[in-house]
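Single-structure report; data block below.
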Number of protein chains: 2
Amino acid sequence: MREITIPESGAKRKLLDAAEILFAIHGFDLVTVRHVSQRVEMNVASVNYHFGSRAGLLATVILQYATPLHEQRLALLDTAERKGFGKITSIEAILEAYLSPVLLRIGSTELPEENFYQLLGRIFADHGKALPQPYRDSFQSVNERFIRAFAKVLPGLALEDLAARFHFIQGALIHLLAHQATLLQGTKSPQTMGQSIERLVRFAATGLRERLVVEDVVAVKDTPQAMFNF
Amino acid sequence: MREITIPESGAKRKLLDAAEILFAIHGFDLVTVRHVSQRVEMNVASVNYHFGSRAGLLATVILQYATPLHEQRLALLDTAERKGFGKITSIEAILEAYLSPVLLRIGSTELPEENFYQLLGRIFADHGKALPQPYRDSFQSVNERFIRAFAKVLPGLALEDLAARFHFIQGALIHLLAHQATLLQGTKSPQTMGQSIERLVRFAATGLRERLVVEDVVAVKDTPQAMFNF
DNA sequence: GTCTATAAAGTGATAGAC
DNA sequence: GTCTATCACTTTATAGAC
């Protein structure tokens, strides 16, 4: 599998900057190599020369943002776990390890805050669907790592329920990232993303602590791995 | 504003059936009028003849699903509110009025269950972005109606916090709809959507009941309408 | 590395025969 | 209403000049 390195400057960087904001605003499907190259007044062949293809450009953009975010999430999770479990705040610590890294805007170079969140929302909405399989697996392994961390501090909860709740939290985050900008239109005192994330942490922590006893939700015991397929 | 009526049979119905499943699988941006017409072995001009344009076809598909769902949600909410508040179960009743109508698969004619949920997820992920403004307003008014209903049974919670939490729940539902199918790959005893919705009701109800006292989340008092812009 | 020209295929929409 | 042919344009990608 080819490694993708992120250029600091030069022609590749210029094209990436253009691609990032266009993908953020219009989505992955509607942006053409012409839109990208024309935005920075380069020729139409430049994208294919520097990234091989349109797909190569898209993969580079996605990995530039997803990879450091994944690393930051896992690093914060490691730190939270080393500080020890059993404390009342451990659920919040894991949630913050997962949610707060989006606030660091890592991977971003020139992108305005609003477009950074939009782009991140699009990237995680389809779980790196535009990436080759090996890269997609990294999305999945981060999910699995977090679900197992929650399982340790919520021993009374079935893994199936935990996976479902984690999926809910992931959806809430993606929706927030995708629509925070439009949510603020016309507001004089805009909510910052930090405030929204803080709200989500509290909402999710309470929801996770709900002790589930449902008769009609049957436990699934056959293929554990299937639970992490998202 | 032109009314859009849904045909029961005939050429329009055939084209709609094709369009629905293609939009569900590939997304709104990648499906062409040729894909649609060729799927049911009709000529390329048929879409433009029957729907005026590609955009007209897309709007018809979206409204066919969104309109009855909106009506069902509001009808269930009215029923829940008439049964009286103050009971411990009122939060769950409102949540079920919002979430459970997706299980009825209303608006659907020929769509397999998996694709129905996918399509609904795509429709609500972008709040009817592909629709003319008057229709988009109906998405927003349903949200506002539900947030106000929650406010009555959660009087201690600021409207800003409520709106944020409702947005989280909406995101969780959309993510669930969009990925329920892939979530089940490889599972022998698949979770039904009904079970997932039941899990979401419990998770969300608990999260909504969390009594928020946060110093760093400042109340916004200027433009109330901006809170419902989603 | 940059750029123009072009290939080969696809796009939405429409004119006009039937 | 149906269908073919076609228009005017856009798409990704590449060959080849500089």
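Ordering of the structure tokens sets the chain letters (A, B, ...); residue numbers start at 1 within each chain; ligands are numbered from 1 in the order shown.
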Identify, on the basis of only C-alpha atoms (C1' of nucleotides), every residue whose closest approach to Val142 of chain B does not exceed 10 Å; exclude the query and any residue fewer than 2 positions from it along the same chain; express the result as a ChimeraX atom specification. /B:70-71,73-74,98,137-140,144-147,228,230
Could you write those residues out with all heavy atoms, as a compact mmCIF listing (two decimals), in the first residue's frame?
# COMPACT_ATOMS: atom_id res chain seq x y z
N HIS B 70 -43.31 13.34 7.95
CA HIS B 70 -43.57 14.53 8.75
C HIS B 70 -44.98 14.48 9.35
O HIS B 70 -45.18 14.77 10.54
CB HIS B 70 -43.42 15.78 7.89
CG HIS B 70 -42.01 16.15 7.59
ND1 HIS B 70 -41.65 17.01 6.58
CD2 HIS B 70 -40.85 15.77 8.18
CE1 HIS B 70 -40.33 17.14 6.56
NE2 HIS B 70 -39.83 16.40 7.51
N GLU B 71 -45.94 14.13 8.50
CA GLU B 71 -47.33 14.10 8.97
C GLU B 71 -47.52 13.07 10.08
O GLU B 71 -48.20 13.32 11.08
CB GLU B 71 -48.26 13.78 7.79
CG GLU B 71 -48.41 14.96 6.83
CD GLU B 71 -49.08 14.56 5.51
OE1 GLU B 71 -49.43 13.36 5.36
OE2 GLU B 71 -49.22 15.42 4.64
N ARG B 73 -45.25 11.92 12.12
CA ARG B 73 -44.57 12.40 13.33
C ARG B 73 -45.46 13.39 14.09
O ARG B 73 -45.61 13.28 15.32
CB ARG B 73 -43.25 13.08 12.96
CG ARG B 73 -42.12 12.11 12.69
CD ARG B 73 -40.88 12.83 12.18
NE ARG B 73 -39.72 11.94 12.22
CZ ARG B 73 -38.54 12.23 11.71
NH1 ARG B 73 -38.33 13.40 11.11
NH2 ARG B 73 -37.53 11.37 11.79
N LEU B 74 -46.00 14.34 13.36
CA LEU B 74 -46.82 15.36 14.02
C LEU B 74 -48.11 14.77 14.56
O LEU B 74 -48.59 15.16 15.64
CB LEU B 74 -47.12 16.50 13.03
CG LEU B 74 -45.89 17.31 12.59
CD1 LEU B 74 -46.27 18.34 11.52
CD2 LEU B 74 -45.22 17.99 13.78
N TYR B 98 -41.31 10.91 17.25
CA TYR B 98 -40.32 11.37 16.28
C TYR B 98 -39.62 10.21 15.58
O TYR B 98 -39.39 10.24 14.37
CB TYR B 98 -39.28 12.27 16.96
CG TYR B 98 -38.30 12.88 16.00
CD1 TYR B 98 -38.66 13.97 15.21
CD2 TYR B 98 -37.01 12.37 15.85
CE1 TYR B 98 -37.78 14.52 14.30
CE2 TYR B 98 -36.12 12.92 14.95
CZ TYR B 98 -36.51 14.00 14.18
OH TYR B 98 -35.63 14.54 13.27
N ASP B 137 -38.73 24.57 4.47
CA ASP B 137 -39.27 25.12 5.71
C ASP B 137 -40.05 24.08 6.51
O ASP B 137 -40.10 24.14 7.73
CB ASP B 137 -40.19 26.31 5.40
CG ASP B 137 -39.41 27.48 4.80
OD1 ASP B 137 -38.17 27.50 4.98
OD2 ASP B 137 -40.03 28.35 4.18
N SER B 138 -40.66 23.12 5.79
CA SER B 138 -41.45 22.12 6.50
C SER B 138 -40.55 21.22 7.34
O SER B 138 -40.95 20.77 8.42
CB SER B 138 -42.26 21.28 5.51
OG SER B 138 -41.42 20.43 4.76
N PHE B 139 -39.33 20.96 6.86
CA PHE B 139 -38.37 20.21 7.68
C PHE B 139 -38.13 20.94 8.99
O PHE B 139 -38.14 20.37 10.08
CB PHE B 139 -37.04 20.05 6.92
CG PHE B 139 -37.04 18.96 5.89
CD1 PHE B 139 -37.78 19.07 4.73
CD2 PHE B 139 -36.30 17.80 6.09
CE1 PHE B 139 -37.78 18.06 3.78
CE2 PHE B 139 -36.30 16.78 5.15
CZ PHE B 139 -37.03 16.92 3.99
N GLN B 140 -37.89 22.24 8.84
CA GLN B 140 -37.56 23.06 10.01
C GLN B 140 -38.71 23.17 10.99
O GLN B 140 -38.51 23.11 12.21
CB GLN B 140 -37.15 24.45 9.51
CG GLN B 140 -36.54 25.35 10.56
CD GLN B 140 -36.03 26.64 9.93
OE1 GLN B 140 -35.49 26.64 8.83
NE2 GLN B 140 -36.23 27.74 10.63
N GLU B 144 -38.92 22.40 15.09
CA GLU B 144 -39.34 23.38 16.08
C GLU B 144 -40.49 22.85 16.93
O GLU B 144 -40.51 23.01 18.15
CB GLU B 144 -39.75 24.68 15.38
CG GLU B 144 -40.20 25.75 16.35
CD GLU B 144 -40.30 27.12 15.68
OE1 GLU B 144 -39.84 27.28 14.53
OE2 GLU B 144 -40.85 28.03 16.33
N ARG B 145 -41.43 22.20 16.26
CA ARG B 145 -42.58 21.64 16.97
C ARG B 145 -42.14 20.63 18.04
O ARG B 145 -42.66 20.63 19.16
CB ARG B 145 -43.49 20.97 15.93
CG ARG B 145 -44.74 20.31 16.45
CD ARG B 145 -45.85 21.29 16.69
NE ARG B 145 -47.04 20.58 17.13
CZ ARG B 145 -47.21 20.07 18.34
NH1 ARG B 145 -46.27 20.24 19.25
NH2 ARG B 145 -48.32 19.43 18.65
N PHE B 146 -41.20 19.78 17.71
CA PHE B 146 -40.74 18.77 18.65
C PHE B 146 -39.92 19.37 19.79
O PHE B 146 -40.05 18.96 20.95
CB PHE B 146 -39.95 17.68 17.93
CG PHE B 146 -40.82 16.56 17.43
CD1 PHE B 146 -41.40 16.62 16.17
CD2 PHE B 146 -41.08 15.45 18.23
CE1 PHE B 146 -42.23 15.60 15.71
CE2 PHE B 146 -41.90 14.42 17.79
CZ PHE B 146 -42.47 14.50 16.53
N ILE B 147 -39.10 20.34 19.46
CA ILE B 147 -38.30 20.96 20.52
C ILE B 147 -39.21 21.64 21.53
O ILE B 147 -39.00 21.55 22.74
CB ILE B 147 -37.29 21.97 19.91
CG1 ILE B 147 -36.23 21.21 19.10
CG2 ILE B 147 -36.63 22.79 21.01
CD1 ILE B 147 -35.32 22.10 18.28
N PHE B 228 -33.68 26.92 15.60
CA PHE B 228 -34.43 25.87 14.91
C PHE B 228 -34.00 25.70 13.45
O PHE B 228 -34.63 24.99 12.70
CB PHE B 228 -35.93 26.18 14.97
CG PHE B 228 -36.41 26.43 16.37
CD1 PHE B 228 -36.85 27.68 16.74
CD2 PHE B 228 -36.39 25.41 17.31
CE1 PHE B 228 -37.28 27.91 18.03
CE2 PHE B 228 -36.83 25.64 18.60
CZ PHE B 228 -37.26 26.89 18.97
N PHE B 230 -32.47 23.91 11.57
CA PHE B 230 -31.88 22.64 11.14
C PHE B 230 -32.98 21.65 10.89
O PHE B 230 -34.14 21.94 11.13
CB PHE B 230 -30.86 22.11 12.14
CG PHE B 230 -31.43 21.76 13.48
CD1 PHE B 230 -31.89 20.47 13.74
CD2 PHE B 230 -31.50 22.71 14.47
CE1 PHE B 230 -32.40 20.14 14.98
CE2 PHE B 230 -32.01 22.39 15.71
CZ PHE B 230 -32.47 21.11 15.97
Write out as a PyMOL selection string which residues come within 9 Å of segment 2-9 of chain C when counting only C-alpha atoms (C1' of nucleotides), dropping same-chain ones fewer than 5 positions away. (chain A and resi 42-46) or (chain D and resi 11+13-15+17-18)
Restricting the output to N, CA, C and O atoms (P, O5', C5', C4', C3', O3' and C1' of nucleotides), write the selected residues as a PDB file, in the first residue's frame.
ATOM      1  N   MET A  42      -4.304  26.896 -11.885  1.00  0.00           N
ATOM      2  CA  MET A  42      -3.335  25.952 -12.448  1.00  0.00           C
ATOM      3  C   MET A  42      -4.013  25.212 -13.595  1.00  0.00           C
ATOM      4  O   MET A  42      -5.227  25.266 -13.755  1.00  0.00           O
ATOM      5  N   ASN A  43      -3.217  24.531 -14.382  1.00  0.00           N
ATOM      6  CA  ASN A  43      -3.776  23.858 -15.545  1.00  0.00           C
ATOM      7  C   ASN A  43      -4.503  22.581 -15.146  1.00  0.00           C
ATOM      8  O   ASN A  43      -4.277  22.020 -14.078  1.00  0.00           O
ATOM      9  N   VAL A  44      -5.380  22.121 -16.028  1.00  0.00           N
ATOM     10  CA  VAL A  44      -6.245  20.985 -15.709  1.00  0.00           C
ATOM     11  C   VAL A  44      -5.470  19.688 -15.494  1.00  0.00           C
ATOM     12  O   VAL A  44      -5.956  18.776 -14.832  1.00  0.00           O
ATOM     13  N   ALA A  45      -4.273  19.608 -16.070  1.00  0.00           N
ATOM     14  CA  ALA A  45      -3.500  18.361 -15.950  1.00  0.00           C
ATOM     15  C   ALA A  45      -2.777  18.255 -14.616  1.00  0.00           C
ATOM     16  O   ALA A  45      -2.269  17.183 -14.268  1.00  0.00           O
ATOM     17  N   SER A  46      -2.734  19.352 -13.855  1.00  0.00           N
ATOM     18  CA  SER A  46      -1.903  19.372 -12.648  1.00  0.00           C
ATOM     19  C   SER A  46      -2.364  18.369 -11.597  1.00  0.00           C
ATOM     20  O   SER A  46      -1.532  17.734 -10.935  1.00  0.00           O
TER      21      SER A  46
ATOM     22  P    DT D  11     -17.065  19.808 -15.237  1.00  0.00           P
ATOM     23  O5'  DT D  11     -16.604  18.303 -15.496  1.00  0.00           O
ATOM     24  C5'  DT D  11     -17.418  17.225 -15.024  1.00  0.00           C
ATOM     25  C4'  DT D  11     -16.847  15.891 -15.458  1.00  0.00           C
ATOM     26  C3'  DT D  11     -15.351  15.734 -15.225  1.00  0.00           C
ATOM     27  O3'  DT D  11     -15.126  15.305 -13.907  1.00  0.00           O
ATOM     28  C1'  DT D  11     -16.008  14.880 -17.375  1.00  0.00           C
ATOM     29  P    DA D  13      -9.113  10.224 -13.379  1.00  0.00           P
ATOM     30  O5'  DA D  13      -8.296  10.168 -14.740  1.00  0.00           O
ATOM     31  C5'  DA D  13      -8.747   9.272 -15.746  1.00  0.00           C
ATOM     32  C4'  DA D  13      -7.958   9.515 -17.034  1.00  0.00           C
ATOM     33  C3'  DA D  13      -6.436   9.586 -16.846  1.00  0.00           C
ATOM     34  O3'  DA D  13      -5.856   8.504 -17.541  1.00  0.00           O
ATOM     35  C1'  DA D  13      -7.234  11.300 -18.289  1.00  0.00           C
ATOM     36  P    DT D  14      -4.265   8.263 -17.441  1.00  0.00           P
ATOM     37  O5'  DT D  14      -3.755   8.872 -18.828  1.00  0.00           O
ATOM     38  C5'  DT D  14      -4.449   8.510 -20.011  1.00  0.00           C
ATOM     39  C4'  DT D  14      -3.884   9.269 -21.193  1.00  0.00           C
ATOM     40  C3'  DT D  14      -2.344   9.384 -21.213  1.00  0.00           C
ATOM     41  O3'  DT D  14      -1.917   9.204 -22.542  1.00  0.00           O
ATOM     42  C1'  DT D  14      -3.279  11.511 -21.426  1.00  0.00           C
ATOM     43  P    DA D  15      -0.505   8.497 -22.797  1.00  0.00           P
ATOM     44  O5'  DA D  15      -0.170   9.033 -24.262  1.00  0.00           O
ATOM     45  C5'  DA D  15      -1.239   9.403 -25.131  1.00  0.00           C
ATOM     46  C4'  DA D  15      -0.796  10.553 -26.034  1.00  0.00           C
ATOM     47  C3'  DA D  15       0.705  10.624 -26.288  1.00  0.00           C
ATOM     48  O3'  DA D  15       0.906  10.971 -27.653  1.00  0.00           O
ATOM     49  C1'  DA D  15      -0.003  12.643 -25.284  1.00  0.00           C
ATOM     50  P    DA D  17       5.923  16.451 -29.495  1.00  0.00           P
ATOM     51  O5'  DA D  17       5.996  18.048 -29.483  1.00  0.00           O
ATOM     52  C5'  DA D  17       4.893  18.817 -29.968  1.00  0.00           C
ATOM     53  C4'  DA D  17       4.820  20.121 -29.177  1.00  0.00           C
ATOM     54  C3'  DA D  17       6.161  20.853 -29.062  1.00  0.00           C
ATOM     55  O3'  DA D  17       5.970  22.245 -29.323  1.00  0.00           O
ATOM     56  C1'  DA D  17       5.289  20.418 -26.901  1.00  0.00           C
ATOM     57  P    DC D  18       7.282  23.174 -29.509  1.00  0.00           P
ATOM     58  O5'  DC D  18       7.665  23.622 -28.039  1.00  0.00           O
ATOM     59  C5'  DC D  18       6.917  24.642 -27.385  1.00  0.00           C
ATOM     60  C4'  DC D  18       7.380  24.750 -25.942  1.00  0.00           C
ATOM     61  C3'  DC D  18       8.874  25.033 -25.775  1.00  0.00           C
ATOM     62  O3'  DC D  18       9.061  26.437 -25.519  1.00  0.00           O
ATOM     63  C1'  DC D  18       8.009  23.512 -24.136  1.00  0.00           C
TER      64       DC D  18
END
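Nearest residue to Ala130 of chain B, choosing from B:Phe23, B:Tyr117, B:Phe150, B:Phe28 and counting only C-alpha atoms: B:Phe28.
Those residues that approach DA13 of chain C to within 9 Å, counting only C-alpha atoms (C1' of nucleotides), are Ala45, Asn48 and Ser53 of chain B; DC7 of chain D; same-chain residues fewer than 4 positions away are not listed.
Note that the spacing between atom CA of Ile25 of chain B and atom CA of Ile4 of chain B amounts to 23.7 Å.
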Could you list, as a VMD selection string, every residue within 12 Å of Ala172 of chain B, counting only C-alpha atoms (C1' of nucleotides) and ignoring same-chain residues fewer than 6 positions away? (chain A and resid 125 164 to 176 200 204) or (chain B and resid 99 121 124 to 125 165 to 166 178 to 180 196 to 197 199 to 201 203 to 204)
Please list as number ranges by chain every residue within 12 Å of DG16 of chain C, counting only C-alpha atoms (C1' of nucleotides) and excluding residues in the same chain fewer than 6 positions away. D: 3-6
Could you produce a table of the residues of chain C lying within 10 Å of chain B, with the nearest pair of atoms per residue and their separation in Å rounded to one decimal, using only C-alpha atoms (C1' of nucleotides), ordered by chain and increasing residue number, as a Markdown table?
| residue | atom | partner | partner_atom | distance |
| --- | --- | --- | --- | --- |
| C:DG10 | C1' | B:Thr32 | CA | 9.7 |
| C:DT11 | C1' | B:Thr32 | CA | 7.9 |
| C:DG12 | C1' | B:Arg54 | CA | 7.6 |
| C:DA13 | C1' | B:Asn48 | CA | 7.4 |
| C:DT14 | C1' | B:Ala45 | CA | 8.6 |
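The two atoms in question, atom CA of Pro101 of chain A and atom CA of Glu113 of chain A, are spaced 13.8 Å apart.
The interatomic distance for the pair atom CA of Ser37 of chain A and atom CA of Leu111 of chain A works out to 16.8 Å.
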Going by DSSP on the backbone, which bits of segment 4-202 of chain A are helix (DSSP H, G or I)? Write them as a ChimeraX atom specification, please. /A:11-26,33-39,46-51,54-82,90-104,113-125,133-153,159-183,193-202
From the options A:Arg13, A:Glu110, A:Ala163, A:Leu154, which residue's atoms come nearest to Phe51 of chain A, counting only C-alpha atoms? A:Arg13
